[in-house]
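Visitor: Quick one: structure below, then a few questions.
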Amino acid sequence: MSEAIVKKFMFVNRKAPYGTIYALESLEVVLIAATFDQDVSLVFLDDGVFQLKKGQQTKGIETKNFSPTYRALEDYDVEKLYVEKESLDARGLSADDLLVDVTVLGSAEMGALMDEQDVVLSF
Amino acid sequence: MLHIINKSPLVNSTLADCLRVATGGEILLIEDAVYAATKGNAFEPKLNDAMKRFKVYVLQPDLDARGVGDRIAAGVTAVDYGGFVDLTVNNKNCQSWL
Amino acid sequence: MANIEVAGNNYETDEEGYLVNLTDWNADIANYIAKTENIDMTDQHWEVINFLREYFEEYQIAPAVRVLTKAIGKKLGAEKGNSEYLYGLFPYGPGKQACKIAGLPKPTGCV
């Protein structure tokens, strides 16, 4: 392969996991995108932070619990996970409530990180 | 950077979420978000405040469809579909606050 | 939709032969699917199948080949964590073919 062009891809996740299909769709696209050796980061904002909440039990709603898959992202070399502090605070959550290690950023830092991206995929 | 909003700020926090996180750049209001750009709506003061950091555009056909084409708030620029395309092309990247 | 019959029982599969209900799976079904794929199951094959089952149990996905190869290397040693070894066992791809035998869905992103 000739000089590979690496672009910065950011997936912005703003929806809670089971009310709509956005969260699962985003996760599937991330897993596919991981194949292309790009600079991938995942951002969790607003209700999107609920995607990472520990202890999800979906038996009662007869829906697949895809939350364990976030822990496989490391195997896919997707290691940049960012969560906005204000979104956590507004939902009574902290980083300890999340099922993966994340970097917690303030709104301003998150906005600046978004500006840096070549491609933003919105979910 | 371009930020696209498509929900009314009177029933949905999307525009407020965007204003909290985004550092600046351009905002385009489409679909039900066009109500944010109408004179006298409850969100107008916040939009005026945001216009210190952002240039705000609104999609004219969506205003017209809702019968509020003649009520654009001061400082907001109306664009047609061609203007929509120009905004996406002229910005490095774009986030749709779904 | 299609069906396979193993030991007198009927099991639903998709057009490509992947089990529809993941909970149907058992060793007899694995051996049956392997035979249709012209694979004679050995201990080495089972090692990979069991690994895939455990991976799915933990993460709820069938890993992409690249991920599987790396993870097998970590767990079972470098002599097994390489494509030559894995394709030797599953000529049509350790993702596609092994997942089918393991009763898992096709790995995400695998066409």
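We name chains A, B, ... following the order of the structure tokens; residues begin at 1 in each chain, and ligands are numbered from 1 as shown.
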Among segment 5-104 of chain C, which ones does DSSP assign to alpha helix (DSSP H) (computed from the backbone)? Answer as a PyMOL selection string.
Guide: chain C and resi 27-36+43-59+65-76+83-89+96-101
Visitor: When you get a sec, could you note down which chain A residues fall within 10 Å of chain B, using only C-alpha atoms, as a VMD selection string?
Guide: chain A and resid 10 to 15 22 45 to 46 84 86 to 87 106 to 123
Visitor: Mind dumping the selected residues with N, CA, C and O atoms as a compact mmCIF listing (two decimals), in the first residue's frame?
Guide:
# COMPACT_ATOMS: atom_id res chain seq x y z
N MET A 10 -14.69 11.29 14.14
CA MET A 10 -15.33 11.33 15.46
C MET A 10 -16.78 10.87 15.35
O MET A 10 -17.53 11.34 14.51
N PHE A 11 -17.13 9.92 16.22
CA PHE A 11 -18.52 9.47 16.32
C PHE A 11 -19.14 10.16 17.53
O PHE A 11 -18.65 9.99 18.64
N VAL A 12 -20.17 10.96 17.29
CA VAL A 12 -20.82 11.69 18.38
C VAL A 12 -22.12 10.97 18.76
O VAL A 12 -23.05 10.87 17.95
N ASN A 13 -22.15 10.45 19.98
CA ASN A 13 -23.29 9.67 20.45
C ASN A 13 -24.10 10.46 21.46
O ASN A 13 -23.60 10.79 22.52
N ARG A 14 -25.36 10.76 21.12
CA ARG A 14 -26.18 11.61 22.00
C ARG A 14 -27.50 10.98 22.40
O ARG A 14 -28.34 11.65 22.99
N LYS A 15 -27.70 9.70 22.08
CA LYS A 15 -29.00 9.07 22.37
C LYS A 15 -28.84 7.95 23.40
O LYS A 15 -27.85 7.22 23.37
N TYR A 22 -30.27 4.46 17.27
CA TYR A 22 -29.03 5.21 17.02
C TYR A 22 -27.79 4.60 17.68
O TYR A 22 -26.74 4.45 17.05
N LEU A 45 -22.24 12.31 24.66
CA LEU A 45 -22.80 13.58 25.12
C LEU A 45 -24.26 13.38 25.49
O LEU A 45 -24.92 12.50 24.95
N ASP A 46 -24.78 14.26 26.35
CA ASP A 46 -26.21 14.24 26.67
C ASP A 46 -26.65 12.81 27.02
O ASP A 46 -25.91 12.10 27.68
N GLU A 84 -18.55 13.85 28.20
CA GLU A 84 -18.62 15.22 28.68
C GLU A 84 -19.05 15.26 30.15
O GLU A 84 -20.05 14.65 30.53
N GLU A 86 -20.36 17.68 31.98
CA GLU A 86 -21.65 18.31 32.23
C GLU A 86 -22.80 17.32 31.97
O GLU A 86 -23.81 17.35 32.67
N SER A 87 -22.63 16.46 30.96
CA SER A 87 -23.68 15.47 30.66
C SER A 87 -23.78 14.44 31.79
O SER A 87 -24.88 14.03 32.16
N GLY A 106 -14.53 18.69 29.88
CA GLY A 106 -15.53 19.75 30.04
C GLY A 106 -16.08 20.14 28.68
O GLY A 106 -15.49 19.81 27.65
N SER A 107 -17.21 20.86 28.68
CA SER A 107 -17.86 21.24 27.42
C SER A 107 -16.92 21.94 26.45
O SER A 107 -16.89 21.62 25.26
N ALA A 108 -16.13 22.88 26.95
CA ALA A 108 -15.26 23.67 26.07
C ALA A 108 -14.20 22.79 25.41
O ALA A 108 -13.96 22.91 24.20
N GLU A 109 -13.60 21.88 26.21
CA GLU A 109 -12.59 20.98 25.64
C GLU A 109 -13.22 20.06 24.61
O GLU A 109 -12.63 19.75 23.57
N MET A 110 -14.44 19.61 24.90
CA MET A 110 -15.15 18.73 23.98
C MET A 110 -15.44 19.46 22.67
O MET A 110 -15.25 18.89 21.58
N GLY A 111 -15.87 20.70 22.76
CA GLY A 111 -16.14 21.50 21.56
C GLY A 111 -14.89 21.69 20.72
O GLY A 111 -14.92 21.58 19.49
N ALA A 112 -13.77 21.94 21.40
CA ALA A 112 -12.50 22.15 20.69
C ALA A 112 -12.07 20.87 19.97
O ALA A 112 -11.58 20.89 18.84
N LEU A 113 -12.26 19.74 20.65
CA LEU A 113 -11.90 18.44 20.06
C LEU A 113 -12.73 18.17 18.81
O LEU A 113 -12.23 17.65 17.80
N MET A 114 -13.99 18.57 18.87
CA MET A 114 -14.91 18.40 17.74
C MET A 114 -14.42 19.22 16.54
O MET A 114 -14.43 18.75 15.40
N ASP A 115 -13.99 20.44 16.82
CA ASP A 115 -13.50 21.33 15.75
C ASP A 115 -12.32 20.74 14.98
O ASP A 115 -12.15 20.99 13.80
N GLU A 116 -11.50 19.94 15.69
CA GLU A 116 -10.27 19.38 15.09
C GLU A 116 -10.52 18.29 14.08
O GLU A 116 -9.61 17.90 13.35
N GLN A 117 -11.73 17.72 14.08
CA GLN A 117 -11.97 16.50 13.30
C GLN A 117 -12.06 16.75 11.80
O GLN A 117 -12.50 17.80 11.36
N ASP A 118 -11.66 15.74 11.02
CA ASP A 118 -11.87 15.79 9.58
C ASP A 118 -13.30 15.38 9.24
O ASP A 118 -13.92 15.93 8.34
N VAL A 119 -13.78 14.37 9.95
CA VAL A 119 -15.12 13.86 9.68
C VAL A 119 -15.85 13.66 11.01
O VAL A 119 -15.30 13.06 11.93
N VAL A 120 -17.08 14.17 11.10
CA VAL A 120 -17.90 13.96 12.29
C VAL A 120 -19.13 13.16 11.89
O VAL A 120 -19.84 13.53 10.96
N LEU A 121 -19.33 12.03 12.55
CA LEU A 121 -20.53 11.21 12.28
C LEU A 121 -21.47 11.36 13.45
O LEU A 121 -21.10 11.10 14.59
N SER A 122 -22.69 11.81 13.16
CA SER A 122 -23.61 12.21 14.21
C SER A 122 -24.67 11.13 14.45
O SER A 122 -25.34 10.71 13.52
N PHE A 123 -24.81 10.73 15.71
CA PHE A 123 -25.84 9.74 16.06
C PHE A 123 -26.63 10.22 17.25
O PHE A 123 -26.14 11.01 18.02
Visitor: Of the candidates C:Asp14, C:Thr69, C:Arg53, C:Thr108, which shows the shortest atom-to-atom distance to Glu84 of chain C, using only C-alpha atoms?
Guide: C:Thr69
Visitor: Do me a favour and pick out the residues of chain C within 9 Å of chain A, using only C-alpha atoms, as a ChimeraX atom specification.
Guide: /C:58-61,63-64,66-68,70-71,108-110
Visitor: Would you mind exporting the chosen residues as a compact mmCIF listing (two decimals), in the first residue's frame, restricted to C-alpha atoms?
Guide:
# COMPACT_ATOMS: atom_id res chain seq x y z
CA GLU C 58 -18.31 -11.91 27.05
CA TYR C 59 -18.67 -9.17 24.40
CA GLN C 60 -21.85 -10.08 22.49
CA ILE C 61 -20.10 -9.93 19.11
CA PRO C 63 -14.83 -10.70 16.48
CA ALA C 64 -13.42 -9.53 13.12
CA ARG C 66 -7.91 -9.33 12.73
CA VAL C 67 -9.26 -9.09 16.26
CA LEU C 68 -9.72 -12.85 16.56
CA LYS C 70 -4.71 -11.09 17.91
CA ALA C 71 -6.87 -12.36 20.77
CA THR C 108 -19.78 -7.41 11.87
CA GLY C 109 -18.29 -5.92 8.74
CA CYS C 110 -17.77 -9.33 7.12
Visitor: Can you tell me how far atom CA of Ala42 of chain B sits from atom CA of Ala73 of chain B, in Å to one decimal?
Guide: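 Atom CA of Ala73 of chain B lies at a distance of 11.9 Å from atom CA of Ala42 of chain B.
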Visitor: Give me the residues within 6 Å of segment 99-102 of chain A as a PyMOL selection string, counting only C-alpha atoms and dropping any in the same chain fewer than 4 places off.
Guide: chain A and resi 52+54+81-82
Visitor: So that I can check the surroundings of Leu19 of chain C, please list as a VMD selection string every protein, DNA and RNA residue that reaches within 9 Å of it, counting only C-alpha atoms and ignoring chain neighbours fewer than 5 positions away.
Guide: chain C and resid 3 11 to 14 24 to 25 100 to 101 103 to 105
Visitor: Give me, please, the distance in Å between atom CA of Asn12 of chain B and atom CA of Leu59 of chain B, quoted to one decimal.
Guide: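 Going from atom CA of Asn12 of chain B over to atom CA of Leu59 of chain B covers 18.8 Å.
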Visitor: As an exercise, work out the distance from atom CA of Val79 of chain B to atom CA of Leu47 of chain B in Å and give it to one decimal place.
Guide: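 Spanning atom CA of Val79 of chain B to atom CA of Leu47 of chain B is a straight-line distance of 17.5 Å.
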Visitor: List the neighbours of Tyr85 of chain C out to 12 Å using only C-alpha atoms; skip same-chain residues closer than 4 positions along the sequence, and give me the result as a JSON list (two decimals) with N, CA and C atoms, in the first residue's frame.
Guide:
[["chain", "number", "residue", "atom", "x", "y", "z"],
["C", 44, "GLN", "N", -7.81, -28.96, 17.63],
["C", 44, "GLN", "CA", -7.40, -27.60, 17.27],
["C", 44, "GLN", "C", -8.59, -26.78, 16.78],
["C", 45, "HIS", "N", -9.48, -27.42, 16.01],
["C", 45, "HIS", "CA", -10.69, -26.72, 15.57],
["C", 45, "HIS", "C", -11.54, -26.34, 16.77],
["C", 48, "VAL", "N", -10.55, -23.25, 18.72],
["C", 48, "VAL", "CA", -10.95, -21.97, 18.13],
["C", 48, "VAL", "C", -12.46, -21.74, 18.32],
["C", 69, "THR", "N", -7.54, -13.05, 15.50],
["C", 69, "THR", "CA", -6.16, -13.51, 15.39],
["C", 69, "THR", "C", -5.32, -12.99, 16.56],
["C", 72, "ILE", "N", -6.48, -14.60, 19.92],
["C", 72, "ILE", "CA", -6.05, -16.00, 20.03],
["C", 72, "ILE", "C", -4.56, -16.05, 20.36],
["C", 73, "GLY", "N", -3.80, -15.18, 19.71],
["C", 73, "GLY", "CA", -2.36, -15.10, 19.99],
["C", 73, "GLY", "C", -2.11, -14.83, 21.46],
["C", 76, "LEU", "N", -3.70, -18.21, 23.35],
["C", 76, "LEU", "CA", -3.22, -19.56, 23.05],
["C", 76, "LEU", "C", -1.78, -19.59, 22.53],
["C", 77, "GLY", "N", -1.17, -18.41, 22.40],
["C", 77, "GLY", "CA", 0.22, -18.39, 21.95],
["C", 77, "GLY", "C", 0.36, -17.93, 20.51],
["C", 78, "ALA", "N", 1.55, -17.37, 20.21],
["C", 78, "ALA", "CA", 1.80, -16.77, 18.90],
["C", 78, "ALA", "C", 1.72, -17.79, 17.77],
["C", 79, "GLU", "N", 2.08, -19.06, 18.07],
["C", 79, "GLU", "CA", 2.07, -20.08, 16.99],
["C", 79, "GLU", "C", 0.64, -20.34, 16.51],
["C", 80, "LYS", "N", -0.36, -19.94, 17.32],
["C", 80, "LYS", "CA", -1.75, -20.10, 16.89],
["C", 80, "LYS", "C", -2.40, -18.76, 16.51],
["C", 81, "GLY", "N", -1.81, -17.68, 16.98],
["C", 81, "GLY", "CA", -2.38, -16.37, 16.70],
["C", 81, "GLY", "C", -1.87, -15.79, 15.40],
["C", 89, "LEU", "N", -6.89, -24.18, 9.44],
["C", 89, "LEU", "CA", -8.01, -24.90, 10.07],
["C", 89, "LEU", "C", -9.33, -24.61, 9.36],
["C", 90, "PHE", "N", -9.50, -23.32, 9.00],
["C", 90, "PHE", "CA", -10.77, -22.89, 8.38],
["C", 90, "PHE", "C", -10.46, -22.16, 7.08],
["C", 91, "PRO", "N", -10.34, -22.92, 5.98],
["C", 91, "PRO", "CA", -9.86, -22.36, 4.70],
["C", 91, "PRO", "C", -10.73, -21.22, 4.18],
["C", 93, "GLY", "N", -12.00, -18.94, 5.90],
["C", 93, "GLY", "CA", -11.92, -17.79, 6.80],
["C", 93, "GLY", "C", -12.32, -18.12, 8.21],
["C", 94, "PRO", "N", -11.43, -17.83, 9.16],
["C", 94, "PRO", "CA", -11.72, -18.12, 10.56],
["C", 94, "PRO", "C", -12.90, -17.28, 11.07]]
